file query.txt (compact mmCIF, C-alpha atoms and all ligand atoms)
# COMPACT_ATOMS: atom_id res chain seq x y z
CA MET A 196 0.00 0.00 0.00
CA LYS A 197 1.37 3.38 -1.06
CA ILE A 198 -0.29 6.52 0.30
CA ILE A 199 0.39 10.11 -0.71
CA PHE A 200 -0.58 12.76 1.86
CA PHE A 201 -1.48 16.31 0.78
CA GLY A 202 -1.75 19.56 2.75
CA VAL A 203 0.56 18.18 5.45
CA ARG A 204 1.34 20.46 8.38
CA GLU A 205 4.66 20.21 10.23
CA GLU A 206 3.18 18.54 13.32
CA GLU A 207 1.54 15.83 11.22
CA LYS A 208 4.79 14.52 9.70
CA ALA A 209 5.90 12.34 12.63
CA LEU A 210 2.35 11.00 13.08
CA ILE A 211 2.15 10.06 9.39
CA LYS A 212 5.49 8.27 9.70
CA SER A 213 4.51 6.24 12.78
CA GLY A 214 0.91 5.67 11.62
CA THR A 215 1.94 4.23 8.24
CA GLU A 216 4.83 2.23 9.73
CA ASN A 217 2.30 0.48 12.03
CA TYR A 218 0.81 -1.16 8.95
CA GLY A 219 3.96 -1.42 6.85
CA TYR A 220 2.61 1.12 4.35
CA GLU A 221 4.81 3.30 2.16
CA TYR A 222 4.07 7.00 2.07
CA ALA A 223 4.95 10.34 0.51
CA ILE A 224 4.30 13.75 1.99
CA ARG A 225 3.33 16.97 0.22
CA CYS A 226 2.65 20.28 1.91
CA ASP A 227 0.62 21.66 -1.00
CA TYR A 228 -3.01 20.80 -1.69
CA LEU A 229 -3.99 18.26 -4.33
CA SER A 230 -5.00 20.09 -7.51
CA LYS A 231 -4.89 19.89 -11.33
CA GLU A 232 -1.38 21.33 -11.22
CA ASN A 233 0.23 18.60 -9.13
CA ILE A 234 -2.04 15.61 -9.79
CA ASN A 235 0.58 13.76 -11.85
CA CYS A 236 2.49 13.02 -8.64
CA THR A 237 -0.32 10.62 -7.56
CA LYS A 238 0.76 8.09 -10.23
CA GLY A 239 1.85 4.84 -8.59
CA PHE A 240 -0.03 5.50 -5.32
CA ASP A 241 -2.98 3.40 -4.12
CA ALA A 242 -4.42 6.09 -1.90
CA VAL A 243 -4.52 9.88 -1.60
CA ASN A 244 -4.95 11.30 1.89
CA ILE A 245 -6.25 14.87 1.73
CA VAL A 246 -7.64 17.83 3.68
CA VAL A 247 -10.71 19.97 3.06
CA ASN A 248 -8.76 22.49 0.97
CA CYS A 249 -8.20 19.81 -1.69
CA ILE A 250 -11.20 20.18 -4.00
CA ILE A 251 -11.97 16.80 -5.53
CA ASP A 252 -14.17 17.52 -8.53
CA GLN A 253 -15.00 15.29 -11.48
CA THR A 254 -11.84 16.19 -13.45
CA ILE A 255 -9.60 15.37 -10.50
CA VAL A 256 -11.46 12.10 -9.83
CA ALA A 257 -11.06 11.02 -13.47
CA LYS A 258 -7.34 11.73 -13.38
CA LEU A 259 -6.90 9.93 -10.04
CA ALA A 260 -8.67 6.87 -11.45
CA GLU A 261 -6.45 7.02 -14.55
CA ASN A 262 -3.40 7.15 -12.24
CA GLY A 263 -4.56 3.98 -10.46
CA VAL A 264 -5.68 5.57 -7.17
CA ARG A 265 -8.18 3.31 -5.36
CA TYR A 266 -8.86 5.31 -2.19
CA ILE A 267 -9.57 8.98 -1.48
CA ILE A 268 -9.36 9.50 2.26
CA THR A 269 -9.99 12.87 3.86
CA ARG A 270 -8.46 13.34 7.30
CA ALA A 271 -11.27 15.64 8.48
CA ALA A 272 -15.01 15.41 9.15
CA GLY A 273 -16.38 17.61 6.36
CA THR A 274 -17.12 16.14 2.93
CA ASN A 275 -18.25 19.25 0.99
CA HIS A 276 -14.99 19.24 -0.99
CA LEU A 277 -15.68 15.80 -2.50
CA ASP A 278 -17.76 15.08 -5.59
CA LEU A 279 -19.14 11.84 -4.14
CA ASN A 280 -21.12 10.91 -7.25
CA ALA A 281 -18.04 11.18 -9.45
CA ILE A 282 -15.98 9.18 -6.93
CA ALA A 283 -18.64 6.44 -6.88
CA ARG A 284 -18.86 6.42 -10.71
CA TYR A 285 -15.13 5.78 -10.98
CA GLY A 286 -15.30 2.97 -8.39
CA ILE A 287 -12.96 4.73 -5.96
CA LYS A 288 -13.53 4.13 -2.24
CA THR A 289 -13.68 7.09 0.08
CA ALA A 290 -13.74 7.69 3.83
CA ASN A 291 -13.31 10.46 6.38
CA VAL A 292 -12.69 10.98 10.11
CA PRO A 293 -16.16 11.93 11.36
CA SER A 294 -15.34 12.31 15.04
CA TYR A 295 -11.72 13.28 15.66
CA SER A 296 -12.42 15.10 18.92
CA PRO A 297 -15.77 16.74 19.69
CA ASN A 298 -14.21 17.87 22.98
CA ALA A 299 -11.70 20.06 21.13
CA ILE A 300 -14.46 22.15 19.56
CA ALA A 301 -16.68 22.03 22.65
CA GLU A 302 -13.92 23.26 24.98
CA HIS A 303 -13.05 26.05 22.55
CA THR A 304 -16.72 27.04 22.49
CA VAL A 305 -16.92 27.15 26.28
CA MET A 306 -13.71 29.20 26.34
CA LEU A 307 -15.26 31.73 23.92
CA ALA A 308 -18.49 31.90 25.93
CA LEU A 309 -16.58 32.51 29.17
CA ALA A 310 -14.31 35.06 27.49
CA ALA A 311 -17.40 36.90 26.24
CA ILE A 312 -19.17 37.06 29.61
CA ARG A 313 -15.98 38.10 31.45
CA LYS A 314 -15.16 40.82 28.88
CA PHE A 315 -11.82 39.11 28.34
CA LYS A 316 -10.85 40.87 25.10
CA ARG A 317 -11.53 44.30 26.62
CA GLN A 318 -9.30 43.36 29.58
CA ILE A 319 -6.46 42.21 27.33
CA MET A 320 -6.72 45.34 25.17
CA GLN A 321 -6.67 47.60 28.24
CA ASN A 322 -3.75 45.73 29.81
CA GLN A 323 -1.74 46.11 26.63
CA ILE A 324 -1.89 49.88 26.97
CA LYS A 325 -1.28 49.64 30.74
CA ASP A 326 -4.81 50.79 31.59
CA PHE A 327 -5.57 48.80 34.72
CA ARG A 328 -8.86 50.42 35.71
CA ILE A 329 -11.81 48.14 36.51
CA LYS A 330 -14.60 50.34 35.15
CA GLY A 331 -16.58 48.60 32.43
CA LEU A 332 -15.13 45.16 33.16
CA MET A 333 -17.87 43.67 35.35
CA GLY A 334 -18.70 40.21 34.07
CA MET A 335 -21.52 37.71 34.53
CA GLU A 336 -21.59 34.18 35.94
CA MET A 337 -22.46 31.19 33.82
CA ARG A 338 -24.64 29.64 36.55
CA ASN A 339 -26.99 32.63 36.23
CA MET A 340 -27.33 32.35 32.48
CA THR A 341 -29.66 30.55 30.11
CA VAL A 342 -27.67 29.03 27.28
CA GLY A 343 -29.24 27.76 24.06
CA ILE A 344 -27.48 25.17 21.92
CA VAL A 345 -28.56 24.80 18.29
CA GLY A 346 -27.58 21.28 17.20
CA THR A 347 -26.97 18.63 19.83
CA GLY A 348 -24.89 16.15 17.81
CA ARG A 349 -21.43 15.02 18.88
CA ILE A 350 -20.07 18.50 19.58
CA GLY A 351 -23.30 20.05 20.88
CA GLU A 352 -23.72 17.22 23.37
CA CYS A 353 -20.19 17.70 24.64
CA THR A 354 -20.65 21.48 25.03
CA ALA A 355 -23.93 20.87 26.89
CA LYS A 356 -22.23 18.52 29.35
CA LEU A 357 -19.37 20.94 29.95
CA LEU A 358 -21.72 23.87 30.50
CA SER A 359 -23.93 21.91 32.83
CA GLY A 360 -20.87 21.66 35.11
CA PHE A 361 -20.97 25.44 35.42
CA GLY A 362 -24.64 25.26 36.45
CA ALA A 363 -25.98 27.07 33.38
CA LYS A 364 -29.65 26.60 32.52
CA LEU A 365 -29.61 24.76 29.19
CA LEU A 366 -32.10 24.84 26.32
CA PHE A 367 -31.61 22.83 23.12
CA TYR A 368 -32.91 22.94 19.58
CA ASP A 369 -32.45 19.97 17.25
CA GLN A 370 -34.85 17.89 15.15
CA TYR A 371 -33.45 14.82 16.95
CA ARG A 372 -33.82 14.88 20.72
CA LYS A 373 -31.23 13.01 22.76
CA LYS A 374 -32.62 11.30 25.85
CA GLU A 375 -29.32 11.60 27.69
CA LEU A 376 -29.41 15.39 27.44
CA GLN A 377 -32.89 15.71 28.87
CA ASP A 378 -31.50 15.32 32.41
CA ILE A 379 -29.40 18.46 32.05
CA GLY A 380 -31.61 20.67 29.88
CA ASN A 381 -34.80 20.98 27.82
CA TYR A 382 -35.48 20.76 24.12
CA VAL A 383 -37.60 23.68 22.92
CA GLU A 384 -38.73 25.20 19.63
CA LEU A 385 -36.31 27.58 17.91
CA GLU A 386 -38.48 30.64 18.63
CA LYS A 387 -38.34 29.90 22.35
CA LEU A 388 -34.59 29.45 22.19
CA PHE A 389 -34.28 32.90 20.63
CA ASN A 390 -36.63 34.47 23.21
CA LYS A 391 -35.27 32.90 26.37
CA CYS A 392 -31.50 32.67 26.03
CA ASP A 393 -28.70 34.94 27.23
CA ILE A 394 -26.16 33.01 25.14
CA LEU A 395 -26.80 31.25 21.83
CA ILE A 396 -24.32 28.60 20.69
CA PHE A 397 -24.30 27.00 17.23
CA HIS A 398 -23.21 23.41 16.65
CA CYS A 399 -25.34 22.47 13.62
CA PRO A 400 -24.05 21.86 10.09
CA LEU A 401 -24.61 24.57 7.50
CA THR A 402 -27.46 23.57 5.19
CA LYS A 403 -29.58 25.36 2.57
CA GLU A 404 -32.33 25.58 5.18
CA ASN A 405 -30.32 27.22 7.96
CA TYR A 406 -28.19 29.61 5.89
CA HIS A 407 -28.32 32.93 7.79
CA MET A 408 -30.43 31.40 10.55
CA ILE A 409 -29.28 34.42 12.54
CA ASP A 410 -30.32 37.48 10.54
CA LYS A 411 -31.98 40.82 11.16
CA LYS A 412 -35.37 39.17 11.77
CA SER A 413 -34.24 36.42 14.15
CA LEU A 414 -31.98 38.85 16.05
CA GLU A 415 -35.06 40.92 16.89
CA LYS A 416 -36.51 37.86 18.64
CA CYS A 417 -33.43 37.59 20.86
CA LYS A 418 -33.01 39.17 24.25
CA ASN A 419 -31.30 42.53 24.46
CA GLY A 420 -27.60 41.93 25.11
CA ILE A 421 -27.65 38.45 23.54
CA ILE A 422 -24.25 36.76 23.29
CA LEU A 423 -23.61 34.74 20.10
CA VAL A 424 -21.00 31.99 19.89
CA ASN A 425 -20.41 30.30 16.53
CA CYS A 426 -17.97 27.41 16.18
CA ALA A 427 -20.00 25.66 13.47
CA ARG A 428 -19.96 27.32 10.03
CA GLY A 429 -19.86 31.02 9.15
CA GLY A 430 -22.87 30.91 6.82
CA ILE A 431 -25.23 30.21 9.72
CA ILE A 432 -24.88 33.86 10.68
CA ASP A 433 -25.60 36.98 8.62
CA THR A 434 -22.50 38.80 9.86
CA GLU A 435 -23.57 42.18 8.55
CA ALA A 436 -26.81 41.98 10.54
CA VAL A 437 -24.85 41.02 13.67
CA LEU A 438 -22.46 43.96 13.19
CA GLU A 439 -25.40 46.33 12.90
CA ALA A 440 -26.97 44.85 16.07
CA LEU A 441 -23.62 45.08 17.94
CA GLU A 442 -23.29 48.74 16.99
CA ARG A 443 -26.65 49.60 18.51
CA GLY A 444 -26.01 47.43 21.58
CA HIS A 445 -28.68 44.81 20.90
CA VAL A 446 -26.04 42.09 20.58
CA GLY A 447 -23.86 42.20 23.68
CA SER A 448 -20.98 40.13 22.37
CA PHE A 449 -20.10 38.02 19.35
CA ALA A 450 -17.50 35.24 19.53
CA PHE A 451 -16.80 33.32 16.36
CA ASP A 452 -14.34 30.73 15.10
CA VAL A 453 -15.82 30.52 11.63
CA TYR A 454 -16.70 33.31 9.22
CA GLU A 455 -18.80 33.17 6.08
CA LYS A 456 -16.11 34.84 3.93
CA GLU A 457 -13.05 33.29 5.59
CA GLU A 458 -11.78 31.74 2.32
CA ALA A 459 -10.30 35.13 1.42
CA PHE A 460 -7.73 35.00 4.24
CA ILE A 461 -7.87 31.85 6.33
CA ARG A 462 -4.50 30.12 6.99
CA GLN A 463 -2.69 33.10 5.43
CA ASN A 464 -0.45 35.72 7.02
CA LYS A 465 -2.19 39.01 6.23
CA GLN A 466 0.03 41.21 8.41
CA ASN A 467 0.53 44.63 6.81
CA GLN A 468 -1.95 43.77 4.08
CA MET A 469 -5.44 45.09 3.49
CA ILE A 470 -8.35 42.75 4.01
CA GLU A 471 -11.00 44.11 1.72
CA ASP A 472 -13.92 43.22 3.93
CA SER A 473 -15.09 46.17 5.95
CA VAL A 474 -17.59 44.09 7.98
CA PHE A 475 -14.89 41.70 9.13
CA THR A 476 -12.25 44.36 9.86
CA LYS A 477 -14.78 46.41 11.84
CA LEU A 478 -15.65 43.34 13.89
CA LEU A 479 -11.96 42.61 14.58
CA SER A 480 -11.53 46.09 16.04
CA MET A 481 -14.41 45.78 18.53
CA ASP A 482 -13.63 44.91 22.15
CA ASN A 483 -16.80 42.82 22.54
CA VAL A 484 -16.05 40.71 19.46
CA ILE A 485 -13.72 37.73 19.75
CA TYR A 486 -12.44 35.95 16.66
CA THR A 487 -10.35 32.80 16.43
CA ALA A 488 -9.29 31.80 12.92
CA HIS A 489 -11.02 28.41 12.53
CA THR A 490 -8.86 26.79 15.20
CA ALA A 491 -11.53 25.23 17.44
CA PHE A 492 -10.60 21.76 16.20
CA TYR A 493 -6.86 22.27 16.55
CA THR A 494 -5.60 20.23 19.50
CA ASP A 495 -2.93 17.54 19.80
CA GLU A 496 -5.63 14.90 20.39
CA ALA A 497 -7.62 15.95 17.30
CA VAL A 498 -4.56 16.04 15.01
CA PHE A 499 -3.47 12.59 16.23
CA ASN A 500 -6.95 11.16 15.59
CA MET A 501 -7.22 12.76 12.14
CA VAL A 502 -3.97 11.21 10.96
CA TYR A 503 -4.29 7.81 12.63
CA THR A 504 -7.98 7.25 11.85
CA SER A 505 -7.47 8.20 8.20
CA ILE A 506 -4.74 5.52 7.94
CA GLU A 507 -6.93 2.99 9.78
CA ASP A 508 -9.70 3.74 7.24
CA ILE A 509 -7.43 2.37 4.49
CA TYR A 510 -6.41 -0.62 6.60
CA MET A 511 -10.09 -1.47 7.15
CA TYR A 512 -10.90 -1.25 3.44
CA GLU A 513 -7.88 -3.37 2.52
CA ASN A 514 -8.58 -6.08 5.10
CA THR A 515 -12.37 -6.31 5.20
CA GLY A 516 -13.52 -4.64 1.99
CA ASN A 517 -15.53 -2.21 4.12
CA CYS A 518 -14.86 0.83 6.28
CA VAL A 519 -17.00 2.19 9.13
CA ASN A 520 -16.12 5.71 7.96
CA GLU A 521 -17.13 5.17 4.34
CA ILE A 522 -18.68 8.32 2.88
CA ARG A 523 -21.74 7.42 0.88
CA THR A 524 -23.59 9.36 -1.79
CA MET A 525 -27.18 10.28 -0.88
CA ARG A 526 -28.40 7.53 -3.24
CA GLU A 527 -26.23 4.86 -1.61
CA HIS A 528 -27.31 6.07 1.83
CA LYS A 529 -31.02 5.86 0.93
CA ARG A 530 -30.50 2.39 -0.58
CA SER A 531 -28.80 1.17 2.60
CA ILE A 532 -31.65 2.31 4.85
CA GLY A 533 -34.25 0.88 2.46
P1 LIG A 601 -23.17 16.01 14.19
O1 LIG A 601 -23.60 15.54 12.85
O2 LIG A 601 -22.77 15.02 15.22
O3 LIG A 601 -24.32 16.92 14.84
C1 LIG A 601 -25.00 17.92 14.15
C2 LIG A 601 -26.37 18.07 14.80
O4 LIG A 601 -27.01 19.23 14.25
C3 LIG A 601 -27.29 16.87 14.55
O5 LIG A 601 -27.84 16.44 15.78
C4 LIG A 601 -28.36 17.44 13.62
O6 LIG A 601 -29.63 16.85 13.82
C5 LIG A 601 -28.37 18.90 14.04
N1 LIG A 601 -28.92 19.83 13.05
C6 LIG A 601 -28.83 19.78 11.69
N2 LIG A 601 -29.44 20.86 11.17
C7 LIG A 601 -29.91 21.59 12.21
C8 LIG A 601 -30.62 22.81 12.31
N3 LIG A 601 -30.98 23.51 11.23
N4 LIG A 601 -30.96 23.25 13.55
C9 LIG A 601 -30.61 22.55 14.65
N5 LIG A 601 -29.93 21.40 14.61
C10 LIG A 601 -29.58 20.93 13.41
O7 LIG A 601 -22.01 17.05 13.89
P2 LIG A 601 -20.87 17.52 14.89
O8 LIG A 601 -19.71 16.60 14.77
O9 LIG A 601 -21.48 17.79 16.22
O10 LIG A 601 -20.44 18.89 14.18
C11 LIG A 601 -21.33 20.00 14.12
C12 LIG A 601 -20.76 21.06 13.21
O11 LIG A 601 -19.59 21.63 13.78
C13 LIG A 601 -20.25 20.52 11.85
O12 LIG A 601 -21.29 20.40 10.93
C14 LIG A 601 -19.26 21.58 11.43
O13 LIG A 601 -19.95 22.55 10.67
C15 LIG A 601 -18.80 22.20 12.74
N6 LIG A 601 -17.37 21.95 13.05
C16 LIG A 601 -16.56 23.00 13.29
C17 LIG A 601 -15.22 22.81 13.59
C18 LIG A 601 -14.29 23.97 13.89
O14 LIG A 601 -13.07 23.78 13.94
N7 LIG A 601 -14.80 25.16 14.13
C19 LIG A 601 -14.71 21.51 13.62
C20 LIG A 601 -15.58 20.44 13.39
C21 LIG A 601 -16.90 20.67 13.10

call {"tool": "encode", "arguments": {"input": "query.txt", "output": "C-alpha cells"}}
result
Amino acid sequence: MKIIFFGVREEEKALIKSGTENYGYEYAIRCDYLSKENINCTKGFDAVNIVVNCIIDQTIVAKLAENGVRYIITRAAGTNHLDLNAIARYGIKTANVPSYSPNAIAEHTVMLALAAIRKFKRQIMQNQIKDFRIKGLMGMEMRNMTVGIVGTGRIGECTAKLLSGFGAKLLFYDQYRKKELQDIGNYVELEKLFNKCDILIFHCPLTKENYHMIDKKSLEKCKNGIILVNCARGGIIDTEAVLEALERGHVGSFAFDVYEKEEAFIRQNKQNQMIEDSVFTKLLSMDNVIYTAHTAFYTDEAVFNMVYTSIEDIYMYENTGNCVNEIRTMREHKRSIG
C-alpha cells in the first residue's frame, strides 16, 4: 500500500510516519493541496490522503482513477470538498474521520463563551496599553445564564455537558432529541430558544435551510444583550446583521471561530496587508467581538486522531472490503436504509 498525503502540516509529519509504519505502508508527503497542477504526482499510489482544501471535482477524480488511485481519504469530518457521485462512478472508495475530537471544539466554544461574559478581550486590550482600571469590566456568571445550543450532535452534546458543570440553565434545539441530554436541559422550539437565552451557541451543520439562521429578523426575537457563539460554520450567521446589532447594543458580544467569507484569508499571514472586507475588519476592532481563525478543532488529540484514523480507514478497506467511515452518496445512503 502506497499513500500520498497532501496539505501536510509540520506537526503531522511524525504522526504520518509512525501511523503508516504500524501497517507497513509506504508513504509520501506533500505540503501543498492536491490540484490539477500537481495531480501527476499521484501516479503509482494506491491512496490519496487529503484535507478539506483539496477540492476533488470530477476532473480530479477522473485523473486519479487514470493514475490507479483506489482510495480517497480525507483526514477531516467535512465532505463538501468531495464530488461523491463522481468518486462512486469511478469505483474509488472514500472515507473520512467523522469524530476526531468533539471535545476540542466544545472546549473552545466554552472558552469563547466565558471570554465573552468576562469581557476578556476588553481586559487584554486595556492591559496592553497599561490601563488597569476596573470600570466597564464587570462580568456575569455562567450559573446565572440561560444558554441555548442549536444542534446537539457530537459537539453540541459535549458542550452541553461541559456547560452543565458550570450550572448554566440549558435549552436545546435539534430535530433529533437526545434522551441523555434531557437530564441536564430541555429541548424547545427555535423561537423559544431565541426568546429565552442569554447566550446562543451554534453546533449544527450549514445547510440550505439554515443559511443565515441568525439574521436581522431572528436577532429581533433575541433578548437585548444576547451573546452569540459560533464554532460551526460562518454561513449560519448573517455577519452584517450582527455587526449592525452590535453597533446599537442589541447584541452584547459576538464570539466566532468561523466566518462566512473566511476563504479570502484563512491560513494566510495578512500582516501589513489590506483585508477588503469592511464588515470583518470592523468586527476585529471591537472589544466585545472575539475571533479565532477556525482553530476550534486544533488540539494535539484531534490532530493525532485525524492522521491515525485516516490511515486505519485504508487498513479497514484493505482487510475487510468495508470501512466504518465510508462516505456514501445520498443515493447509496437511501439504498442502505431501504
Ligand atoms: P453532528 O452531525 O454530530 O451533529 C450535528 C447536529 O445538528 C445533529 O444532531 C443534527 O440533527 C443537528 N442539526 C442539523 N441541522 C440543524 C438545524 N438547522 N438546527 C438545529 N440542529 C440541526 O455534527 P458535529 O460533529 O457535532 O459537528 C457539528 C458542526 O460543527 C459541523 O457540521 C461543522 O460545521 C462544525 N465543526 C466546526 C469545527 C471547527 O473547527 N470550528 C470543527 C468540526 C466541526

call {"tool": "closest_residue", "arguments": {"input": "query.txt", "among": "A:His276, A:Lys314, A:Ser480, A:Asn235", "to": "Asn262 (chain A)", "atoms": "all atoms listed in the file"}}
result
A:Asn235

call {"tool": "closest_atom_pairs", "arguments": {"input": "query.txt", "of": "region 252-272 of chain A", "to": "region 244-248 of chain A", "cutoff": "8 Å", "atoms": "only C-alpha atoms", "output": "JSON lines"}}
result
{"residue": "A:Ile267", "atom": "CA", "partner": "A:Asn244", "partner_atom": "CA", "distance": 6.2}
{"residue": "A:Ile268", "atom": "CA", "partner": "A:Asn244", "partner_atom": "CA", "distance": 4.8}
{"residue": "A:Thr269", "atom": "CA", "partner": "A:Ile245", "partner_atom": "CA", "distance": 4.7}
{"residue": "A:Arg270", "atom": "CA", "partner": "A:Val246", "partner_atom": "CA", "distance": 5.8}
{"residue": "A:Ala271", "atom": "CA", "partner": "A:Val246", "partner_atom": "CA", "distance": 6.4}

call {"tool": "atom_distance", "arguments": {"input": "query.txt", "atom1": "atom O11 of ligand LIG 601 (chain A)", "atom2": "CA of Thr347 (chain A)"}}
result
10.0 Å

call {"tool": "residues_near_ligand", "arguments": {"input": "query.txt", "ligand": "ligand LIG 601 (chain A)", "cutoff": "8 Å", "atoms": "all atoms listed in the file", "output": "PyMOL selection string"}}
result
chain A and resi 272-273+293-294+297+300+345-352+368-372+397-402+404-405+408+425-428+452-453+489-493

call {"tool": "atom_distance", "arguments": {"input": "query.txt", "atom1": "CA of Tyr266 (chain A)", "atom2": "CA of Ile287 (chain A)"}}
result
5.6 Å

call {"tool": "residues_near_point", "arguments": {"input": "query.txt", "point": "(-30.5, 26.3, 28.1)", "cutoff": "9 Å", "atoms": "only C-alpha atoms", "output": "list in words"}}
result
Met340, Thr341, Val342, Gly343, Ile344, Ala355, Ala363, Lys364, Leu365, Leu366, Phe367, Ile379, Gly380, Asn381, Tyr382, Leu388, Lys391, Cys392, Asp393, Ile394 and Leu395 of chain A

call {"tool": "atom_distance", "arguments": {"input": "query.txt", "atom1": "CA of Leu332 (chain A)", "atom2": "CA of Gly420 (chain A)"}}
result
15.2 Å

call {"tool": "closest_residue", "arguments": {"input": "query.txt", "among": "A:Thr494, A:Thr274, A:Thr487, A:Thr304", "to": "Cys353 (chain A)", "atoms": "only C-alpha atoms"}}
result
A:Thr304

call {"tool": "residues_around", "arguments": {"input": "query.txt", "residues": "region 496-504 of chain A", "least_positions_apart": "2", "cutoff": "6 Å", "atoms": "all atoms listed in the file", "output": "list in words"}}
result
Gly214, Arg270, Tyr295, Ser296, Thr494, Ile506 and Glu507 of chain A

call {"tool": "closest_residue", "arguments": {"input": "query.txt", "among": "A:Lys231, A:Lys197, A:Lys403, A:Lys456", "to": "Arg265 (chain A)", "atoms": "all atoms listed in the file"}}
result
A:Lys197

call {"tool": "closest_residue", "arguments": {"input": "query.txt", "among": "A:Glu384, A:Ile255, A:Ser505, A:Gly516", "to": "Val292 (chain A)", "atoms": "all atoms listed in the file"}}
result
A:Ser505

call {"tool": "axis_aligned_box", "arguments": {"input": "query.txt", "around": "region 486-503 of chain A", "padding_each_side": "6 Å", "output": "lines of an AutoDock Vina configuration file"}}
result
center_x = -7.7
center_y = 21.9
center_z = 15.7
size_x = 21.5
size_y = 40.1
size_z = 21.4

call {"tool": "residues_near_point", "arguments": {"input": "query.txt", "point": "(-1.2, 0.0, 6.6)", "cutoff": "6 Å", "atoms": "only C-alpha atoms", "output": "ChimeraX atom specification"}}
result
/A:215,218-220,510

call {"tool": "residues_around", "arguments": {"input": "query.txt", "residues": "region 305-311 of chain A", "least_positions_apart": "3", "cutoff": "10 Å", "atoms": "all atoms listed in the file", "output": "JSON, numbers by chain"}}
result
{"A": [300, 301, 302, 314, 315, 316, 317, 318, 334, 335, 336, 337, 342, 354, 355, 357, 358, 394, 395, 396, 422, 423, 424, 425, 426, 447, 448, 449, 450, 451, 452, 482, 483, 484, 485, 486, 487, 491]}

call {"tool": "closest_residue", "arguments": {"input": "query.txt", "among": "A:Ala459, A:Leu414, A:Ile251, A:Ile198", "to": "Glu471 (chain A)", "atoms": "all atoms listed in the file"}}
result
A:Ala459

call {"tool": "residues_around", "arguments": {"input": "query.txt", "residues": "Asn517 (chain A)", "least_positions_apart": "5", "cutoff": "12 Å", "atoms": "only C-alpha atoms", "output": "VMD selection string"}}
result
chain A and resid 266 288 to 290 507 to 512 522 to 523

call {"tool": "residues_around", "arguments": {"input": "query.txt", "residues": "Tyr228 (chain A)", "least_positions_apart": "3", "cutoff": "9 Å", "atoms": "only C-alpha atoms", "output": "JSON list (two decimals) with C-alpha atoms, in the coordinates of the input"}}
result
[["chain", "number", "residue", "atom", "x", "y", "z"],
["A", 201, "PHE", "CA", -1.48, 16.31, 0.78],
["A", 202, "GLY", "CA", -1.75, 19.56, 2.75],
["A", 203, "VAL", "CA", 0.56, 18.18, 5.45],
["A", 225, "ARG", "CA", 3.33, 16.97, 0.22],
["A", 233, "ASN", "CA", 0.23, 18.60, -9.13],
["A", 245, "ILE", "CA", -6.25, 14.87, 1.73],
["A", 246, "VAL", "CA", -7.64, 17.83, 3.68],
["A", 248, "ASN", "CA", -8.76, 22.49, 0.97],
["A", 249, "CYS", "CA", -8.20, 19.81, -1.69],
["A", 250, "ILE", "CA", -11.20, 20.18, -4.00]]

call {"tool": "closest_residue", "arguments": {"input": "query.txt", "among": "A:Lys238, A:Glu216, A:Val243, A:Leu479", "to": "Ile199 (chain A)", "atoms": "all atoms listed in the file"}}
result
A:Val243

call {"tool": "decode", "arguments": {"input": "query.txt", "residues": "region 253-263 of chain A", "atoms": "N, CA, C and O atoms", "output": "short mmCIF file (atom, residue, chain, number, x, y, z; two decimals), in the first residue's frame"}}
result
data_model
loop_
_atom_site.label_atom_id
_atom_site.label_comp_id
_atom_site.auth_asym_id
_atom_site.auth_seq_id
_atom_site.Cartn_x
_atom_site.Cartn_y
_atom_site.Cartn_z
N GLN A 253 -14.94 16.39 -10.52
CA GLN A 253 -15.00 15.29 -11.48
C GLN A 253 -13.69 15.13 -12.27
O GLN A 253 -13.22 14.00 -12.48
N THR A 254 -13.09 16.25 -12.67
CA THR A 254 -11.84 16.19 -13.45
C THR A 254 -10.73 15.54 -12.63
O THR A 254 -9.98 14.68 -13.13
N ILE A 255 -10.65 15.93 -11.37
CA ILE A 255 -9.60 15.37 -10.50
C ILE A 255 -9.86 13.87 -10.29
O ILE A 255 -8.93 13.06 -10.36
N VAL A 256 -11.13 13.52 -10.07
CA VAL A 256 -11.46 12.10 -9.83
C VAL A 256 -11.05 11.26 -11.04
O VAL A 256 -10.42 10.20 -10.90
N ALA A 257 -11.38 11.76 -12.24
CA ALA A 257 -11.06 11.02 -13.47
C ALA A 257 -9.56 10.79 -13.57
O ALA A 257 -9.10 9.69 -13.91
N LYS A 258 -8.80 11.82 -13.27
CA LYS A 258 -7.34 11.73 -13.38
C LYS A 258 -6.79 10.77 -12.30
O LYS A 258 -5.87 9.98 -12.58
N LEU A 259 -7.37 10.84 -11.10
CA LEU A 259 -6.90 9.93 -10.04
C LEU A 259 -7.15 8.48 -10.45
O LEU A 259 -6.29 7.61 -10.28
N ALA A 260 -8.34 8.23 -11.02
CA ALA A 260 -8.67 6.87 -11.45
C ALA A 260 -7.69 6.42 -12.53
O ALA A 260 -7.16 5.30 -12.49
N GLU A 261 -7.42 7.32 -13.47
CA GLU A 261 -6.45 7.02 -14.55
C GLU A 261 -5.06 6.69 -13.97
O GLU A 261 -4.36 5.82 -14.46
N ASN A 262 -4.72 7.38 -12.88
CA ASN A 262 -3.40 7.15 -12.24
C ASN A 262 -3.38 5.91 -11.35
O ASN A 262 -2.37 5.63 -10.72
N GLY A 263 -4.51 5.23 -11.22
CA GLY A 263 -4.56 3.98 -10.46
C GLY A 263 -4.87 4.16 -8.98
O GLY A 263 -4.73 3.22 -8.18
#
